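Below: the structure, in structure tokens.
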Amino acid sequence: MAASPARELTQNPLQKIWEPYNNGLPAKHSAQRGVCMTNCPTLIVMVGLPARGKTYISKKLTRYLNWIGVPTKEFNVGQYRRDLVKTYKSFEFFLPDNEEGLKIRKQCALAALNDVQQYLSEENGHVAVFDATNTTRERRETIFRFGEENGYKTFFVESVCVDPEVIAANIVQVKLGSPDYVDCSNDEATEDFMKRIECYKNSYEMLDETLDKDLSYIKIMDVGRSYLVNRVMDHIQSRIVYYLMNIHVTPRSIYLCRHGESELNLKGRIGGDTGLSFRGKEFARGLAQFINEQNIKDLKVWTSQMKRTIQTAEALGVPYEQWKVLNEIDAGVCEEMTYEEIQENYPLEFALRDQDKYRYRYPKGESYEDLVQRLEPVIMELERQENVLVICHQAVMRCLLAYFRDKSAEQLPYLKCPLHTVLKLTPVAYGCKVESIFLNVEAVNTHRDKPENVDVDRSREEALRTVPNHL
Amino acid sequence: MAASPARELTQNPLQKIWEPYNNGLPAKHSAQRGVCMTNCPTLIVMVGLPARGKTYISKKLTRYLNWIGVPTKEFNVGQYRRDLVKTYKSFEFFLPDNEEGLKIRKQCALAALNDVQQYLSEENGHVAVFDATNTTRERRETIFRFGEENGYKTFFVESVCVDPEVIAANIVQVKLGSPDYVDCSNDEATEDFMKRIECYKNSYEMLDETLDKDLSYIKIMDVGRSYLVNRVMDHIQSRIVYYLMNIHVTPRSIYLCRHGESELNLKGRIGGDTGLSFRGKEFARGLAQFINEQNIKDLKVWTSQMKRTIQTAEALGVPYEQWKVLNEIDAGVCEEMTYEEIQENYPLEFALRDQDKYRYRYPKGESYEDLVQRLEPVIMELERQENVLVICHQAVMRCLLAYFRDKSAEQLPYLKCPLHTVLKLTPVAYGCKVESIFLNVEAVNTHRDKPENVDISRPPEEALVTVPAHQ
């Protein structure tokens, strides 16, 4: 391979990425987000009896992968069945000798696979999660062949659990409220669902160490007590395995808040490393009282390495850990400026930021996209932990909140995370309950909405219209 | 718990960490490196027949943990045996009915455990790796009790392999050159070693899913084809499992080099984001030629997101991936300064850096310690990959090199990584062969040795005496 003359480089104005260009246009450039996670698309196939957590895992995994920037979508075959068969009558639909039922269920599986193909091969999806019982080897072979024909890598995720208490708890959490049981009492629903599980048991062929030795899979046993991992093929499968091995279902709450109001906040300046204002200190004391009243078991407290979060934590009088990766987004040359000064000195940058706030990188600074990448270890550790209070910053809190609330890259930079307000997140069913507690200490508003006019030729007034008040 | 008045904060001058202080002295502060990995020490216990890679894994894991900042030490019982029994005669020492042999081997195991206790309980070690066969349940129970008595968490790592080709290859790689076989021919050594393995086989009790269900362990099968993971208890065990699941033994080489000489290099200025000098471009062309000649199978090329590494990669004419985390260390307020200017403007900072170059953080910048933390995903991906060329920067290359060459935090910031020189690293036996290839294009020297006088009161001449020549 002869060395061709090096192409000229230009720095993309939005993301500040150096790219080669031809005739003034940027040349096509492969992923600049570090490791290109997916060369060919990945098909994740869930396996397991009903009420083993397949949908819980599918949704959580999908949320995680999307957050780290891997376009992922889940395809729940049960949902296809509900869309096709408008009313659910009883478990008898799932009896192994119910010809009509089998026909419909196969039809749904194929419809879902069709949509998988559409998503991965035509809509630029990277990962599809195929959520169904897939309990027979025959069904899994069909899906594997489908994957091979389309050039997808197939990875199986099996959840095996025999603990009756866990099954019963799952049924209460997510089945009683299912559309299938909307007109039933809890007892009726539970009885029917247990019979539904029985319909699958006789034909259930677990992933087998010998028979399935050439497949790539993870077998999760007893809600994560142990795991069997076979033939991890690439980076994305390795990350999926690591994630699945770190999540748990123990009830707990995560508290997110920002530092107390800072001196720079008062002046409408971004970034910097100042201390708390008078009201910020009042908030810190209020936070201490709030935490006490919550009576939280074994609470861990995390801060960034910036003075204002540490000062806030100090008021709690409990040990805390400082994480550099929780530091606020680096605004580079715009550090400690007001929005008015940014408009004055960098009007082009200010407009570009409004055009794509997620991908926009400050000159010599960071983007929200960069923030997500550096916060990934925080999310991973939050998954491992139980009760945690994270005292951080506006952009950082938006990123963390977007993960828990499954917000898109477009929504993330505009999530509302006001000062002096604690968000209490409690996992429930397939999602997350959010309680917002304002601790009754006034603070400036630091939230700047996206203005109407984001063109680079907009007037100064149009650019600054949504800037919140400050000193 | 009442909220105590918040303690005053002071910023530690070396690491720029905000710490509470009492009477002018910093108060004792828990780990600021993010997650405190180890609350109680961890005892890792290797399990497996001879030639299953236990020592390979022990050494590699120890190297990785130390690099990420977890003080770790391995204790190889075979080494204790060699120190006690000066000359190895034959496999007969390991026969199960050799009373004398058994007595000595037990003595060695106990001596090693004694040193483990010393390291973990008295020398501030966080992790000890106990490297021996530990193939009987009885021996493992003894060790587990030892761990419990001392307040250590015990984690077993078992390597199971029946593939005769793998065993034979291991014997060639690491046994033939062992001190035990220094006076034997290869055939004699192999024959003896195979008999040694036989001595253990009859009494080998593998970790069992049922009998050992309450232990924390990972069972590695067939050199990483599959893994069984049971009861991961905490963060450090989770990281260890993730690492072990990403390493492989497929032969390959890693090429490390810096970008070609840059405009700022010529002027003796640090940091910045400039392009290549004339000689830098010449190096890039030379690198392309070198890579061609090496004829490397499926070479991946990685760069940072700074112009100079990308310009260098462009000359290769092959696809490359940009990693933001490979960017050079952020020198904060000192960006684009010469050392003379740093001495002029920040003499205190300049001296502190010389006092502890690893932990020193530039104001509004980073430390080598920070760099290691952000490079960890690069190391993890390098472990997963095969042939890779990493085009990076001086401080970054020092960190990566320190990982592969097992250099300490004290040595790391002074490793020599000159411009226009490629380091080819090839794993061999328990370590890493390093070939240094200078591509015959002259460049400035950017290596500044630690000066003799690191006191803050030193005169400028003494501070600048080791600064390399520049324009």
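If you're wondering about the labels, chains in the structure tokens are A, B, ... by order shown, residues count from 1 in each chain, ligands from 1 in order shown.
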
Applying 12 Å and only C-alpha atoms, which residues near Lys103 of chain B remain after dropping the ones on its own chain fewer than 5 positions away? List them as an MDAnalysis selection string.
chainID B and resid 81 84:85 93:98 108:110

Write the residues you've just listed into a file as a JSON list (two decimals), in the first residue's frame, and include N, CA and C atoms for each of them.
```
[["chain", "number", "residue", "atom", "x", "y", "z"],
["B", 81, "ARG", "N", 9.38, -21.97, 47.16],
["B", 81, "ARG", "CA", 9.94, -23.32, 47.16],
["B", 81, "ARG", "C", 11.36, -23.31, 46.60],
["B", 84, "LEU", "N", 13.76, -22.04, 49.11],
["B", 84, "LEU", "CA", 13.99, -22.93, 50.25],
["B", 84, "LEU", "C", 14.78, -24.16, 49.83],
["B", 85, "VAL", "N", 14.33, -24.80, 48.76],
["B", 85, "VAL", "CA", 15.00, -26.01, 48.26],
["B", 85, "VAL", "C", 15.90, -25.58, 47.10],
["B", 93, "PHE", "N", 9.54, -34.74, 43.56],
["B", 93, "PHE", "CA", 9.29, -33.84, 44.70],
["B", 93, "PHE", "C", 7.80, -33.63, 44.88],
["B", 94, "PHE", "N", 7.04, -33.68, 43.77],
["B", 94, "PHE", "CA", 5.62, -33.34, 43.82],
["B", 94, "PHE", "C", 4.71, -34.55, 43.96],
["B", 95, "LEU", "N", 5.30, -35.78, 44.09],
["B", 95, "LEU", "CA", 4.46, -36.96, 44.23],
["B", 95, "LEU", "C", 3.60, -36.81, 45.48],
["B", 96, "PRO", "N", 2.33, -37.25, 45.38],
["B", 96, "PRO", "CA", 1.40, -37.05, 46.50],
["B", 96, "PRO", "C", 1.79, -37.80, 47.77],
["B", 97, "ASP", "N", 2.67, -38.82, 47.65],
["B", 97, "ASP", "CA", 3.05, -39.57, 48.85],
["B", 97, "ASP", "C", 4.46, -39.20, 49.33],
["B", 98, "ASN", "N", 5.01, -38.13, 48.78],
["B", 98, "ASN", "CA", 6.35, -37.69, 49.20],
["B", 98, "ASN", "C", 6.21, -36.81, 50.44],
["B", 108, "CYS", "N", 6.13, -23.61, 52.60],
["B", 108, "CYS", "CA", 6.24, -22.48, 51.66],
["B", 108, "CYS", "C", 4.92, -21.73, 51.53],
["B", 109, "ALA", "N", 3.83, -22.48, 51.47],
["B", 109, "ALA", "CA", 2.52, -21.82, 51.36],
["B", 109, "ALA", "C", 2.27, -20.95, 52.57],
["B", 110, "LEU", "N", 2.61, -21.46, 53.75],
["B", 110, "LEU", "CA", 2.40, -20.68, 54.97],
["B", 110, "LEU", "C", 3.31, -19.47, 55.01]]
```

Name the residues in contact with Pro460 of chain B at a cut-off of 12 Å, using only C-alpha atoms, excluding same-chain residues fewer than 6 positions from it; report them as a VMD selection string.
chain B and resid 339 to 348 350 to 351 451 453 to 454 466 to 467

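Among the candidates A:Val467, A:Leu400, A:Val444, A:Met233, the residue lying nearest to chain B is A:Met233 (atoms considered: only C-alpha atoms).
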
For the alpha helix (DSSP H) assignment from backbone DSSP, which residues of segment 261-382 of chain B qualify? Please present them as a PyMOL selection string.
chain B and resi 263-266+278-294+307-314+339-345+347-355+368-382

For Pro251 of chain A, list every protein, DNA or RNA residue within 12 Å, evaluated using only C-alpha atoms, and leave out those in the same chain fewer than 2 positions away; present the list as a list in words.
Ile247, His248, Val249, Ser253, Ile254, Lys297, Glu383, Arg384, Gln385, Glu386, Asn387, Leu425, Thr426, Pro427, Val428, Ala429 and Cys432 of chain A

Hey, can you spit out that residue selection with all heavy atoms as a short mmCIF file (atom, residue, chain, number, x, y, z; two decimals), in the first residue's frame?
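Okay, part.cif is ready:
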```
data_model
loop_
_atom_site.label_atom_id
_atom_site.label_comp_id
_atom_site.auth_asym_id
_atom_site.auth_seq_id
_atom_site.Cartn_x
_atom_site.Cartn_y
_atom_site.Cartn_z
N ILE A 247 -25.39 -4.58 36.96
CA ILE A 247 -26.71 -4.10 37.37
C ILE A 247 -27.30 -5.04 38.43
O ILE A 247 -26.92 -6.20 38.51
CB ILE A 247 -27.67 -3.93 36.18
CG1 ILE A 247 -27.91 -5.26 35.47
CG2 ILE A 247 -27.10 -2.91 35.20
CD1 ILE A 247 -28.85 -5.14 34.28
N HIS A 248 -28.19 -4.51 39.23
CA HIS A 248 -28.84 -5.33 40.25
C HIS A 248 -30.27 -4.82 40.43
O HIS A 248 -30.64 -3.80 39.83
CB HIS A 248 -28.07 -5.25 41.58
CG HIS A 248 -28.12 -3.88 42.23
ND1 HIS A 248 -29.22 -3.40 42.92
CD2 HIS A 248 -27.21 -2.90 42.29
CE1 HIS A 248 -28.97 -2.19 43.37
NE2 HIS A 248 -27.76 -1.85 43.00
N VAL A 249 -31.06 -5.54 41.21
CA VAL A 249 -32.45 -5.14 41.39
C VAL A 249 -32.78 -4.81 42.84
O VAL A 249 -33.95 -4.68 43.20
CB VAL A 249 -33.42 -6.23 40.87
CG1 VAL A 249 -33.28 -6.37 39.36
CG2 VAL A 249 -33.16 -7.55 41.55
N SER A 253 -32.42 4.24 46.25
CA SER A 253 -32.70 5.52 45.60
C SER A 253 -31.41 6.25 45.29
O SER A 253 -30.42 6.12 46.01
CB SER A 253 -33.58 6.41 46.47
OG SER A 253 -34.89 5.89 46.55
N ILE A 254 -31.43 6.98 44.18
CA ILE A 254 -30.31 7.82 43.80
C ILE A 254 -30.77 9.25 43.89
O ILE A 254 -31.80 9.63 43.34
CB ILE A 254 -29.87 7.49 42.36
CG1 ILE A 254 -29.31 6.07 42.30
CG2 ILE A 254 -28.82 8.48 41.88
CD1 ILE A 254 -29.13 5.55 40.90
N LYS A 297 -30.38 4.47 54.40
CA LYS A 297 -29.46 3.43 54.86
C LYS A 297 -28.17 3.47 54.04
O LYS A 297 -28.19 3.44 52.82
CB LYS A 297 -30.16 2.07 54.68
CG LYS A 297 -29.28 0.87 54.92
CD LYS A 297 -30.06 -0.44 54.74
CE LYS A 297 -29.11 -1.62 54.63
NZ LYS A 297 -29.19 -2.35 53.38
N GLU A 383 -24.79 2.01 39.05
CA GLU A 383 -25.53 0.76 38.88
C GLU A 383 -25.13 -0.26 39.94
O GLU A 383 -25.95 -0.99 40.47
CB GLU A 383 -25.34 0.18 37.48
CG GLU A 383 -26.07 0.93 36.38
CD GLU A 383 -27.59 0.84 36.51
OE1 GLU A 383 -28.09 -0.02 37.28
OE2 GLU A 383 -28.29 1.62 35.83
N ARG A 384 -23.85 -0.29 40.28
CA ARG A 384 -23.36 -1.23 41.28
C ARG A 384 -23.82 -0.87 42.68
O ARG A 384 -24.06 -1.75 43.51
CB ARG A 384 -21.83 -1.24 41.29
CG ARG A 384 -21.16 -1.92 40.11
CD ARG A 384 -19.71 -2.24 40.46
NE ARG A 384 -19.68 -3.00 41.69
CZ ARG A 384 -19.96 -4.30 41.78
NH1 ARG A 384 -20.26 -4.99 40.70
NH2 ARG A 384 -19.94 -4.90 42.94
N GLN A 385 -23.93 0.43 42.95
CA GLN A 385 -24.18 0.88 44.31
C GLN A 385 -25.65 0.80 44.69
O GLN A 385 -26.49 0.43 43.88
CB GLN A 385 -23.69 2.34 44.45
CG GLN A 385 -22.20 2.50 44.36
CD GLN A 385 -21.48 1.97 45.57
OE1 GLN A 385 -22.09 1.81 46.64
NE2 GLN A 385 -20.20 1.71 45.44
N GLU A 386 -25.92 1.19 45.89
CA GLU A 386 -27.32 1.23 46.35
C GLU A 386 -27.71 2.68 46.55
O GLU A 386 -27.97 3.38 45.58
CB GLU A 386 -27.52 0.30 47.54
CG GLU A 386 -27.33 -1.14 47.08
CD GLU A 386 -27.58 -2.20 48.14
OE1 GLU A 386 -28.21 -1.89 49.17
OE2 GLU A 386 -27.16 -3.35 47.91
N ASN A 387 -27.77 3.17 47.79
CA ASN A 387 -28.20 4.56 48.00
C ASN A 387 -27.03 5.51 47.83
O ASN A 387 -26.03 5.42 48.53
CB ASN A 387 -28.80 4.72 49.40
CG ASN A 387 -30.10 3.94 49.54
OD1 ASN A 387 -30.95 3.99 48.65
ND2 ASN A 387 -30.26 3.24 50.64
N LEU A 425 -34.44 9.66 42.57
CA LEU A 425 -34.79 8.68 41.52
C LEU A 425 -34.92 7.31 42.17
O LEU A 425 -33.98 6.83 42.82
CB LEU A 425 -33.70 8.63 40.45
CG LEU A 425 -33.27 9.97 39.85
CD1 LEU A 425 -32.03 9.79 39.01
CD2 LEU A 425 -34.38 10.54 39.00
N THR A 426 -36.07 6.67 41.97
CA THR A 426 -36.27 5.34 42.53
C THR A 426 -36.71 4.40 41.42
O THR A 426 -37.77 4.62 40.82
CB THR A 426 -37.34 5.37 43.64
OG1 THR A 426 -37.03 6.43 44.53
CG2 THR A 426 -37.38 4.06 44.40
N PRO A 427 -35.91 3.37 41.13
CA PRO A 427 -36.30 2.43 40.08
C PRO A 427 -37.60 1.74 40.45
O PRO A 427 -37.79 1.33 41.59
CB PRO A 427 -35.15 1.41 40.05
CG PRO A 427 -34.04 2.06 40.75
CD PRO A 427 -34.62 3.01 41.73
N VAL A 428 -38.50 1.65 39.47
CA VAL A 428 -39.78 0.98 39.69
C VAL A 428 -40.22 0.38 38.37
O VAL A 428 -40.11 1.01 37.33
CB VAL A 428 -40.84 1.97 40.25
CG1 VAL A 428 -41.21 3.01 39.19
CG2 VAL A 428 -42.07 1.22 40.71
N ALA A 429 -40.69 -0.86 38.42
CA ALA A 429 -41.10 -1.60 37.21
C ALA A 429 -40.00 -1.47 36.15
O ALA A 429 -38.86 -1.79 36.42
CB ALA A 429 -42.43 -1.09 36.71
N CYS A 432 -38.35 4.55 36.20
CA CYS A 432 -37.71 5.27 37.27
C CYS A 432 -38.68 6.33 37.77
O CYS A 432 -39.12 7.18 37.00
CB CYS A 432 -36.47 5.92 36.67
SG CYS A 432 -35.33 6.52 37.86
#
```

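Of the residues listed (A:Glu92, A:Asp192, A:Asp214, A:Asp330), A:Asp214 shows the shortest atom-to-atom separation from Thr154 of chain A; distances use only C-alpha atoms.
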
Write out as a list in words the residues lying within 10 Å of Val166 of chain B, counting only C-alpha atoms and excluding same-chain residues fewer than 6 positions away.
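Contacts, in chain order: Ala51, Arg52, Gly53, Val172, Asp222 and Val223 of chain B.
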
I need the residues from that last selection saved to file as a PDB file, in the first residue's frame (with N, CA and C atoms), if you can.
```pdb
ATOM      1  N   ALA B  51       0.909 -25.158  34.424  1.00  0.00           N
ATOM      2  CA  ALA B  51       0.882 -24.772  32.996  1.00  0.00           C
ATOM      3  C   ALA B  51      -0.501 -24.364  32.501  1.00  0.00           C
ATOM      4  N   ARG B  52      -1.321 -23.827  33.408  1.00  0.00           N
ATOM      5  CA  ARG B  52      -2.642 -23.332  32.988  1.00  0.00           C
ATOM      6  C   ARG B  52      -2.678 -21.810  32.930  1.00  0.00           C
ATOM      7  N   GLY B  53      -1.523 -21.164  33.082  1.00  0.00           N
ATOM      8  CA  GLY B  53      -1.498 -19.711  32.952  1.00  0.00           C
ATOM      9  C   GLY B  53      -1.718 -18.956  34.241  1.00  0.00           C
ATOM     10  N   VAL B 172       6.585 -24.548  26.630  1.00  0.00           N
ATOM     11  CA  VAL B 172       7.679 -23.989  25.830  1.00  0.00           C
ATOM     12  C   VAL B 172       7.939 -22.542  26.224  1.00  0.00           C
ATOM     13  N   ASP B 222     -10.587 -22.681  28.868  1.00  0.00           N
ATOM     14  CA  ASP B 222      -9.971 -22.730  27.540  1.00  0.00           C
ATOM     15  C   ASP B 222      -9.443 -21.364  27.101  1.00  0.00           C
ATOM     16  N   VAL B 223      -8.612 -20.816  27.970  1.00  0.00           N
ATOM     17  CA  VAL B 223      -7.908 -19.569  27.661  1.00  0.00           C
ATOM     18  C   VAL B 223      -8.871 -18.448  27.276  1.00  0.00           C
TER      19      VAL B 223
END
```

Tell me which protein, DNA and RNA residues are within 7 Å of Phe438 of chain A, counting only C-alpha atoms, leaving out same-chain ones fewer than 6 positions away, and put them as a list in words.
His420, Thr421 and Val422 of chain A

Could you write out that same residue set with N, CA, C and O atoms as a PDB file, in the first residue's frame?
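And here is the file that came out, again.pdb:
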```pdb
ATOM      1  N   HIS A 420     -30.553  24.192  43.979  1.00  0.00           N
ATOM      2  CA  HIS A 420     -31.280  24.034  45.239  1.00  0.00           C
ATOM      3  C   HIS A 420     -32.472  23.083  45.137  1.00  0.00           C
ATOM      4  O   HIS A 420     -33.404  23.160  45.942  1.00  0.00           O
ATOM      5  N   THR A 421     -32.417  22.177  44.188  1.00  0.00           N
ATOM      6  CA  THR A 421     -33.488  21.200  43.990  1.00  0.00           C
ATOM      7  C   THR A 421     -32.877  19.808  43.904  1.00  0.00           C
ATOM      8  O   THR A 421     -31.995  19.578  43.095  1.00  0.00           O
ATOM      9  N   VAL A 422     -33.375  18.907  44.772  1.00  0.00           N
ATOM     10  CA  VAL A 422     -32.868  17.537  44.764  1.00  0.00           C
ATOM     11  C   VAL A 422     -33.821  16.657  43.969  1.00  0.00           C
ATOM     12  O   VAL A 422     -35.038  16.747  44.136  1.00  0.00           O
TER      13      VAL A 422
END
```

Could you check which of A:Asn440, A:Asn265, A:Thr55, A:Thr466 is closest to Ala132 of chain A, using only C-alpha atoms?
A:Thr55

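Using only C-alpha atoms for every distance, the candidate list A:Thr312, A:Arg458, A:Ala402, A:Thr446 yields A:Arg458 as the residue closest to Gln343 of chain A.
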
So which residues touch segment 405-411 of chain A within 7 Å, counting only C-alpha atoms, skipping near sequence neighbours fewer than 4 positions away, as a list in words?
Arg63, Tyr358, Leu401, Leu415 and Cys432 of chain A

Exercise: Ser216 of chain A partners within 6 Å, only C-alpha atoms, chain neighbours under 3 positions left out, as a list in words:
Phe155, Asn230, Arg231 and Val232 of chain A

Selection export as a short mmCIF file (atom, residue, chain, number, x, y, z; two decimals), in the first residue's frame, atoms kept: N, CA and C atoms:
```cif
data_model
loop_
_atom_site.label_atom_id
_atom_site.label_comp_id
_atom_site.auth_asym_id
_atom_site.auth_seq_id
_atom_site.Cartn_x
_atom_site.Cartn_y
_atom_site.Cartn_z
N PHE A 155 -25.94 -12.33 19.73
CA PHE A 155 -25.49 -12.54 21.10
C PHE A 155 -26.73 -12.84 21.95
N ASN A 230 -19.94 -17.03 27.28
CA ASN A 230 -19.33 -17.86 26.24
C ASN A 230 -19.05 -17.08 24.97
N ARG A 231 -17.80 -17.15 24.52
CA ARG A 231 -17.39 -16.61 23.22
C ARG A 231 -17.79 -15.16 22.97
N VAL A 232 -17.33 -14.27 23.82
CA VAL A 232 -17.54 -12.85 23.54
C VAL A 232 -16.73 -12.47 22.32
#
```

Atomic separation - atom CA of Leu382 of chain B relative to atom CA of Leu326 of chain B, Å
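Rounded to one decimal, the two atoms are 12.6 Å apart.
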
Give me, please, the distance in Å between atom CA of Val378 of chain B and atom CA of Trp323 of chain B, quoted to one decimal.
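Between atom CA of Val378 of chain B and atom CA of Trp323 of chain B the gap is 8.7 Å.
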
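Remark: for Ile379 of chain B, the closest of the candidate residues B:Gln311, B:Asn186, B:Asn246, B:Gln305 is B:Asn246 (distances computed over only C-alpha atoms).
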